[in-house]
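K.L.:
So here's query_3.txt (compact mmCIF, C-alpha atoms).
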# COMPACT_ATOMS: atom_id res chain seq x y z
CA MET A 9 19.62 24.46 -2.91
CA THR A 10 22.61 26.56 -1.82
CA LEU A 11 21.93 30.16 -0.80
CA ASP A 12 24.42 32.96 -0.39
CA ALA A 13 24.33 33.98 3.25
CA LYS A 14 25.59 37.22 4.74
CA ALA A 15 26.17 38.38 8.25
CA ASN A 16 24.51 41.58 9.31
CA PRO A 17 26.70 42.94 12.08
CA ASP A 18 25.21 46.43 11.73
CA TRP A 19 21.62 45.49 12.48
CA SER A 20 20.26 48.16 14.76
CA GLY A 21 19.96 47.04 18.32
CA GLY A 22 17.48 47.93 20.94
CA ARG A 23 13.73 47.92 20.76
CA GLY A 24 11.37 49.93 18.62
CA GLY A 25 12.29 52.36 15.84
CA ASN A 26 13.38 50.91 12.53
CA GLY A 27 15.60 48.32 14.20
CA GLY A 28 14.67 44.83 15.29
CA ASP A 29 14.30 43.60 18.85
CA ILE A 30 17.47 41.90 20.18
CA THR A 31 17.41 39.51 23.16
CA VAL A 32 20.54 38.09 24.73
CA SER A 33 21.04 35.24 27.20
CA SER A 34 24.34 33.82 28.45
CA SER A 35 25.46 30.44 29.63
CA ASN A 36 28.97 29.10 30.32
CA GLY A 37 30.71 32.09 28.70
CA SER A 38 28.63 32.01 25.52
CA ALA A 39 25.59 34.01 24.50
CA ARG A 40 22.41 33.05 22.64
CA VAL A 41 21.03 35.82 20.47
CA GLY A 42 17.42 36.22 19.34
CA ALA A 43 16.33 38.95 16.95
CA SER A 44 13.13 40.12 15.31
CA VAL A 45 12.73 41.56 11.80
CA GLY A 46 13.80 45.15 11.41
CA GLY A 47 13.61 47.76 8.67
CA SER A 48 16.21 49.21 6.36
CA THR A 49 17.02 52.75 5.32
CA GLY A 50 15.14 54.08 2.30
CA GLY A 51 12.75 51.14 2.07
CA GLY A 52 11.18 48.56 4.29
CA VAL A 53 10.22 44.98 4.82
CA VAL A 54 7.02 42.99 4.57
CA PRO A 55 6.51 39.75 6.51
CA ALA A 56 6.28 36.62 4.40
CA ALA A 57 5.63 32.95 5.03
CA ASN A 58 7.74 30.65 7.23
CA GLY A 59 9.32 33.48 9.19
CA GLU A 60 10.78 35.10 6.06
CA TYR A 61 10.39 38.70 5.15
CA VAL A 62 10.53 40.47 1.82
CA SER A 63 13.07 43.24 1.55
CA TYR A 64 12.40 46.44 -0.41
CA PRO A 65 15.48 48.52 0.39
CA ASP A 66 14.93 51.00 -2.44
CA GLY A 67 11.18 51.35 -2.65
CA PRO A 68 7.90 51.69 -0.74
CA VAL A 69 6.34 49.05 1.45
CA GLY A 70 2.79 47.74 1.60
CA GLU A 71 0.17 47.96 -1.08
CA ASN A 72 2.40 50.34 -3.09
CA ALA A 73 5.37 47.97 -2.99
CA PRO A 74 7.05 46.94 -6.24
CA ALA A 75 5.63 43.89 -7.96
CA VAL A 76 8.97 42.06 -7.68
CA PRO A 77 10.91 42.30 -4.37
CA THR A 78 14.65 42.84 -4.45
CA GLN A 79 15.41 40.16 -1.85
CA ILE A 80 13.76 37.60 0.36
CA CYS A 81 15.54 37.25 3.71
CA ARG A 82 15.33 35.12 6.85
CA LEU A 83 16.96 35.68 10.24
CA VAL A 84 18.89 32.70 11.58
CA HIS A 85 18.91 32.08 15.35
CA ALA A 86 20.19 28.51 15.56
CA GLY A 87 23.17 27.81 17.83
CA GLU A 88 25.11 30.09 20.08
CA ILE A 89 26.73 33.14 18.55
CA ASP A 90 30.04 34.47 19.80
CA PHE A 91 29.88 38.20 20.57
CA SER A 92 33.65 38.63 20.39
CA ASN A 93 33.30 40.32 16.96
CA ASP A 94 30.32 42.41 18.09
CA GLN A 95 28.01 40.40 15.80
CA LYS A 96 24.33 40.91 16.60
CA SER A 97 22.47 38.69 14.11
CA ILE A 98 22.81 36.61 10.97
CA THR A 99 20.54 37.26 7.99
CA VAL A 100 20.31 34.87 5.04
CA CYS A 101 19.05 36.52 1.84
CA TYR A 102 18.47 35.31 -1.70
CA GLU A 103 17.20 36.86 -4.87
CA PRO A 104 13.63 35.93 -5.70
CA THR A 105 13.19 33.62 -8.64
CA THR A 106 10.66 34.58 -11.27
CA LEU A 107 8.53 31.56 -11.86
CA THR A 108 7.42 30.98 -15.42
CA THR A 109 3.81 30.03 -15.67
CA PRO A 110 3.61 26.95 -17.85
CA THR A 111 1.86 27.63 -21.10
CA THR A 112 -1.28 25.70 -21.83
CA ASP A 113 -2.42 25.11 -25.35
CA THR A 114 -5.88 26.47 -26.02
CA PRO A 115 -8.09 23.45 -26.52
CA THR A 116 -9.61 23.13 -29.95
CA PRO A 117 -13.36 23.60 -29.74
CA PRO A 118 -15.25 20.45 -30.50
CA THR A 119 -16.38 20.16 -34.08
CA THR A 120 -20.03 21.05 -34.43
CA GLY A 121 -22.45 20.24 -37.18
CA PRO A 122 -23.54 22.65 -39.90
CA SER A 123 -25.69 25.62 -39.01
CA PRO A 124 -29.39 25.57 -39.91
CA HIS A 125 -28.66 28.12 -42.66
CA THR A 126 -25.99 25.86 -44.19
CA ALA A 127 -28.26 22.84 -43.95
CA ALA A 128 -31.10 24.76 -45.61
CA ALA A 129 -28.80 25.86 -48.44
CA SER A 130 -27.79 22.27 -49.13
CA ALA A 131 -31.42 21.16 -49.00
CA LEU A 132 -32.33 23.43 -51.94
CA ALA A 133 -31.08 20.71 -54.28
CA GLN A 134 -33.88 18.49 -52.98
CA LEU A 135 -36.55 21.11 -53.62
CA SER A 136 -38.26 20.52 -56.96
CA ILE A 137 -39.66 23.64 -58.62
CA PRO A 138 -41.18 23.83 -62.10
CA THR A 139 -39.45 25.43 -65.06
CA PRO A 140 -41.24 28.47 -66.49
CA GLN A 141 -43.67 27.52 -69.25
CA LEU A 142 -43.96 30.56 -71.52
CA THR A 143 -46.98 30.88 -73.80
CA TRP A 144 -47.53 33.45 -76.53
CA SER A 145 -50.64 35.55 -76.94
CA PRO A 146 -51.68 35.53 -79.70
CA ASP A 147 -50.00 32.18 -80.41
CA PRO A 148 -48.04 32.12 -83.70
CA ALA A 149 -48.82 28.40 -84.00
CA ASN A 150 -52.43 29.32 -84.73
CA ASN A 151 -51.69 30.88 -88.13
CA GLU A 152 -50.76 29.12 -91.37
CA TRP A 153 -47.22 30.53 -91.37
CA ASN A 154 -46.43 29.40 -87.76
CA ALA A 155 -44.71 32.77 -87.31
CA TRP A 156 -45.25 36.20 -85.85
CA ALA A 157 -44.88 39.45 -87.73
CA ILE A 158 -42.14 42.03 -87.17
CA ALA A 159 -43.19 45.27 -85.48
CA LEU A 160 -46.26 43.57 -84.05
CA PRO A 161 -46.35 43.35 -80.23
CA ILE A 162 -46.87 39.96 -78.63
CA TRP A 163 -47.96 39.23 -75.07
CA VAL A 164 -46.54 36.45 -72.90
CA ASP A 165 -48.16 34.45 -70.16
CA PHE A 166 -47.14 31.81 -67.61
CA PRO A 167 -49.24 29.27 -65.71
CA THR A 168 -50.21 30.31 -62.21
CA THR A 169 -47.92 28.72 -59.64
CA ASN A 170 -48.90 28.16 -56.05
CA PRO A 171 -46.32 28.23 -53.23
CA ILE A 172 -44.45 24.93 -53.03
CA THR A 173 -44.00 23.55 -49.52
CA THR A 174 -41.94 20.61 -48.38
CA THR A 175 -40.18 19.18 -45.34
CA THR A 176 -36.79 17.60 -45.81
CA THR A 177 -33.73 16.58 -43.83
CA ALA A 178 -30.18 17.73 -44.51
CA SER A 179 -27.12 17.03 -42.33
CA GLY A 180 -29.42 15.59 -39.68
CA ILE A 181 -31.50 18.78 -39.48
CA THR A 182 -35.21 18.82 -40.31
CA ILE A 183 -36.08 21.79 -42.51
CA ASP A 184 -39.46 23.19 -43.53
CA MET A 185 -39.33 25.08 -46.83
CA ALA A 186 -41.86 27.16 -48.78
CA ALA A 187 -40.98 28.43 -52.28
CA THR A 188 -42.82 31.32 -53.92
CA GLN A 189 -42.23 32.58 -57.46
CA SER A 190 -41.37 36.26 -57.34
CA GLU A 191 -40.45 37.42 -60.87
CA ILE A 192 -39.46 36.24 -64.33
CA HIS A 193 -36.46 37.42 -66.34
CA ILE A 194 -36.70 37.08 -70.13
CA ASP A 195 -33.89 37.29 -72.68
CA TRP A 196 -35.70 37.89 -75.96
CA GLY A 197 -32.76 36.74 -78.09
CA ASP A 198 -32.30 40.10 -79.81
CA ALA A 199 -29.97 41.64 -77.18
CA THR A 200 -32.88 42.94 -75.12
CA THR A 201 -34.21 41.69 -71.77
CA SER A 202 -37.22 42.23 -69.54
CA THR A 203 -38.10 41.54 -65.90
CA CYS A 204 -41.74 40.75 -65.36
CA THR A 205 -43.62 40.64 -62.07
CA ARG A 206 -47.03 40.30 -63.75
CA TRP A 207 -48.13 38.59 -66.93
CA GLY A 208 -51.26 37.48 -68.74
CA PRO A 209 -52.80 36.69 -72.15
CA MET A 210 -54.13 39.24 -74.56
CA PRO A 211 -57.89 39.63 -74.07
CA ARG A 212 -59.99 38.78 -77.15
CA THR A 213 -61.40 42.30 -77.25
CA THR A 214 -57.94 43.87 -77.43
CA LYS A 215 -57.07 45.63 -80.68
CA MET A 216 -54.25 43.97 -82.60
CA GLY A 217 -50.99 45.90 -82.18
CA THR A 218 -51.64 46.81 -78.54
CA GLN A 219 -48.59 46.30 -76.32
CA SER A 220 -48.88 44.25 -73.14
CA PRO A 221 -49.07 46.42 -70.01
CA TRP A 222 -47.27 43.67 -68.03
CA CYS A 223 -44.99 41.45 -70.05
CA GLY A 224 -44.46 41.33 -73.81
CA HIS A 225 -42.11 42.17 -76.66
CA THR A 226 -41.83 43.46 -80.21
CA TRP A 227 -39.15 42.25 -82.66
CA THR A 228 -38.01 44.55 -85.44
CA GLN A 229 -36.03 42.11 -87.61
CA PRO A 230 -37.14 38.84 -89.18
CA ALA A 231 -35.32 35.81 -87.73
CA THR A 232 -35.73 32.77 -85.56
CA TYR A 233 -35.12 33.87 -81.97
CA THR A 234 -34.26 31.75 -78.95
CA VAL A 235 -36.04 33.14 -75.91
CA THR A 236 -34.57 32.24 -72.50
CA THR A 237 -36.86 32.51 -69.51
CA THR A 238 -35.55 32.41 -65.91
CA SER A 239 -38.01 32.12 -63.07
CA ALA A 240 -36.85 33.56 -59.73
CA TRP A 241 -38.12 31.99 -56.52
CA THR A 242 -37.84 32.99 -52.88
CA VAL A 243 -37.49 30.03 -50.52
CA THR A 244 -38.41 30.61 -46.87
CA TRP A 245 -36.90 27.98 -44.55
CA THR A 246 -37.41 27.14 -40.87
CA ALA A 247 -35.16 24.85 -38.84
CA MET A 248 -34.15 24.51 -35.18
CA GLY A 249 -36.07 27.64 -34.22
CA GLN A 250 -34.38 29.74 -36.89
CA THR A 251 -35.75 31.08 -40.17
CA GLY A 252 -34.44 32.77 -43.28
CA THR A 253 -34.78 33.13 -47.05
CA LEU A 254 -32.72 31.81 -49.94
CA PRO A 255 -32.93 32.48 -53.70
CA LEU A 256 -33.65 29.75 -56.23
CA THR A 257 -34.07 29.87 -60.02
CA SER A 258 -35.24 27.63 -62.85
CA THR A 259 -34.72 28.20 -66.57
CA SER A 260 -36.34 27.18 -69.85
CA THR A 261 -35.89 28.09 -73.52
CA THR A 262 -38.19 28.30 -76.51
CA THR A 263 -37.97 29.61 -80.06
CA ILE A 264 -40.17 31.95 -82.09
CA GLU A 265 -40.17 32.71 -85.80
CA ILE A 266 -40.50 36.40 -86.65
CA ALA A 267 -41.37 37.01 -90.30
CA GLU A 268 -41.91 40.00 -92.54
CA PHE A 269 -45.26 39.81 -94.26
CA GLN A 270 -46.16 41.75 -97.39
CA ALA A 271 -49.62 42.53 -98.58
CA ILE A 272 -50.35 41.85 -102.27
CA VAL A 273 -53.17 43.77 -103.84
CA ILE A 274 -54.93 41.90 -106.69
CA GLY A 275 -57.24 43.48 -109.18
Let's see the structure in the file written out as structure tokens.
P.N.:
Amino acid sequence: MTLDAKANPDWSGGRGGNGGDITVSSSNGSARVGASVGGSTGGGVVPAANGEYVSYPDGPVGENAPAVPTQICRLVHAGEIDFSNDQKSITVCYEPTTLTTPTTDTPTPPTTGPSPHTAAASALAQLSIPTPQLTWSPDPANNEWNAWAIALPIWVDFPTTNPITTTTTASGITIDMAATQSEIHIDWGDATTSTCTRWGPMPRTTKMGTQSPWCGHTWTQPATYTVTTTSAWTVTWTAMGQTGTLPLTSTSTTTIEIAEFQAIVIG
């Protein structure tokens, strides 16, 4: 590498102060000059490696020095220097080169398997839950018309369901699941709906025309209605020390004939 060198004939002589130390020895009409690092007006120098020093001619020195020095210099002592031109030392300086730190691509994290929550969600397809089995009370099938009368309340009931528990494996993760039925949504087929959290049959001692205190309905127009029942379940899962809940539903449909009965008085 070629560096621009410059002679520094005005380097302060003597010892101490801001100048460097100059030593002179002579032999056979020539002189050998040695010099130490000196300062510069308005700034200063900081020693660096390999006998170099960092020059800050326009700024402070030390811990408050600029982040990038203006020059890096080195005094040259090799050979014998002729004093005929009053030269005291030779200083070689070069501008510092800003090194560019090579960029490193951020490594892509290794691909990991699904989370326990994701595995539990996919395992729901393997969980078998019963469809809601709606029964009427009183049951229209027990009368000769196989129908229920308009304006007459009917009660609905569902079989008791116990929590369903199972252990399955999804995506290599073992999952324990427990499903509990929480509520039932009913579309009565006449643009009305109900959400039931309790249900039960009409007691035998109940007066006809009494509405169910839990889950029931009254139709006001004669027709054949399709009743859609959706059972809502809460599934609690446990896997790899984690736990959570997920929703699950099952649906069934049934029909009911609502008729308008007329009383005929004879005699």
K.L.:
Interatomic distance between CA of Glu152 (chain A) and CA of Asp165 (chain A)?
P.N.:
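These two atoms are separated by 22.0 Å.
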K.L.:
For Asp195 (chain A), which residue out of A:Thr257, A:Gln229, A:Thr139, A:Thr236 is the nearest one, using all atoms listed in the file?
P.N.:
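Residue with the minimum atom-to-atom distance to Asp195 (chain A): A:Thr236.
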K.L.:
From the list A:Ile158, A:Ala178, A:Met185, A:Ala149, which residue is nearest Glu268 (chain A) when using only C-alpha atoms?
P.N.:
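Checking each of A:Ile158, A:Ala178, A:Met185, A:Ala149 against Glu268 (chain A), counting only C-alpha atoms, the winner is A:Ile158.
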K.L.:
May I ask for the distance between CA of Cys204 (chain A) and CA of Ser190 (chain A), given in Å to one decimal place?
P.N.:
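Between CA of Cys204 (chain A) and CA of Ser190 (chain A) the gap is 9.2 Å.
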K.L.:
Can you measure CA of Gln141 (chain A) to CA of Thr253 (chain A) for me? One decimal in Å is fine.
P.N.:
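So the answer is 24.6 Å.
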K.L.:
Give me the residues near region 132-135 of chain A as JSON, numbers by chain, where near means some atom within 9 Å (using only C-alpha atoms) and where sequence neighbours in that chain fewer than 6 positions away do not count.
P.N.:
{"A": [172, 173, 174, 176, 185, 187, 243, 254, 256]}
K.L.:
Could those selected residues go to a file with C-alpha atoms, as a compact mmCIF listing (two decimals), in the frame of the given file?
P.N.:
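In the end it all went to result-v3.txt:
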# COMPACT_ATOMS: atom_id res chain seq x y z
CA ILE A 172 -44.45 24.93 -53.03
CA THR A 173 -44.00 23.55 -49.52
CA THR A 174 -41.94 20.61 -48.38
CA THR A 176 -36.79 17.60 -45.81
CA MET A 185 -39.33 25.08 -46.83
CA ALA A 187 -40.98 28.43 -52.28
CA VAL A 243 -37.49 30.03 -50.52
CA LEU A 254 -32.72 31.81 -49.94
CA LEU A 256 -33.65 29.75 -56.23
K.L.:
Between A:Val235, A:Ile266, A:Ala186, A:Ala129, which one has atoms that come closest to Thr200 (chain A), using all atoms listed in the file?
P.N.:
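Selected residue with least distance to Thr200 (chain A): A:Val235.
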K.L.:
Please list, as a ChimeraX atom specification, the residues that have an atom at most 8 Å away from (-46.4, 45.4, -77.1) in the coordinates of this file, counting all atoms listed in the file.
P.N.:
/A:160-163,217-221,224-226
K.L.:
Env of Thr261 (chain A): 12 Å cut, atoms = all atoms listed in the file, seq-sep filter 3 positions within chain, self excluded. Answer as a list of chain:residue names.
P.N.:
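Answer for this query is A:Thr139, A:Pro140, A:Gln141, A:Leu142, A:Thr143, A:His193, A:Ile194, A:Asp195, A:Trp196, A:Gly197, A:Tyr233, A:Thr234, A:Val235, A:Thr236, A:Thr237, A:Thr238, A:Ser239, A:Ser258, A:Ile264.
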K.L.:
I'd like to know which of A:Thr182, A:Thr214, A:Thr232, A:Thr175 is closest to Ser136 (chain A), using all atoms listed in the file.
P.N.:
A:Thr175
K.L.:
With all atoms listed in the file as the basis for distance, which of A:Pro255, A:Pro146, A:Gly249, A:Pro209 is at the shortest distance from Gln189 (chain A)?
P.N.:
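Going through A:Pro255, A:Pro146, A:Gly249, A:Pro209 one by one, the smallest distance to Gln189 (chain A) is for A:Pro255.
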K.L.:
Dig up all the protein and nucleic acid residues within 7 Å of (-44.1, 38.4, -68.4) in the file frame, using all atoms listed in the file, and format them as a ChimeraX atom specification.
P.N.:
/A:164-165,192,204-207,222-224
K.L.:
What's the 7 Å shell around Trp156 (chain A), counting only C-alpha atoms, without same-chain residues fewer than 6 positions away, as a compact mmCIF listing (two decimals) with C-alpha atoms, in the coordinates of the input?
P.N.:
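Full text of result_11.txt as output:
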# COMPACT_ATOMS: atom_id res chain seq x y z
CA PRO A 148 -48.04 32.12 -83.70
CA GLU A 265 -40.17 32.71 -85.80
CA ILE A 266 -40.50 36.40 -86.65
CA ALA A 267 -41.37 37.01 -90.30
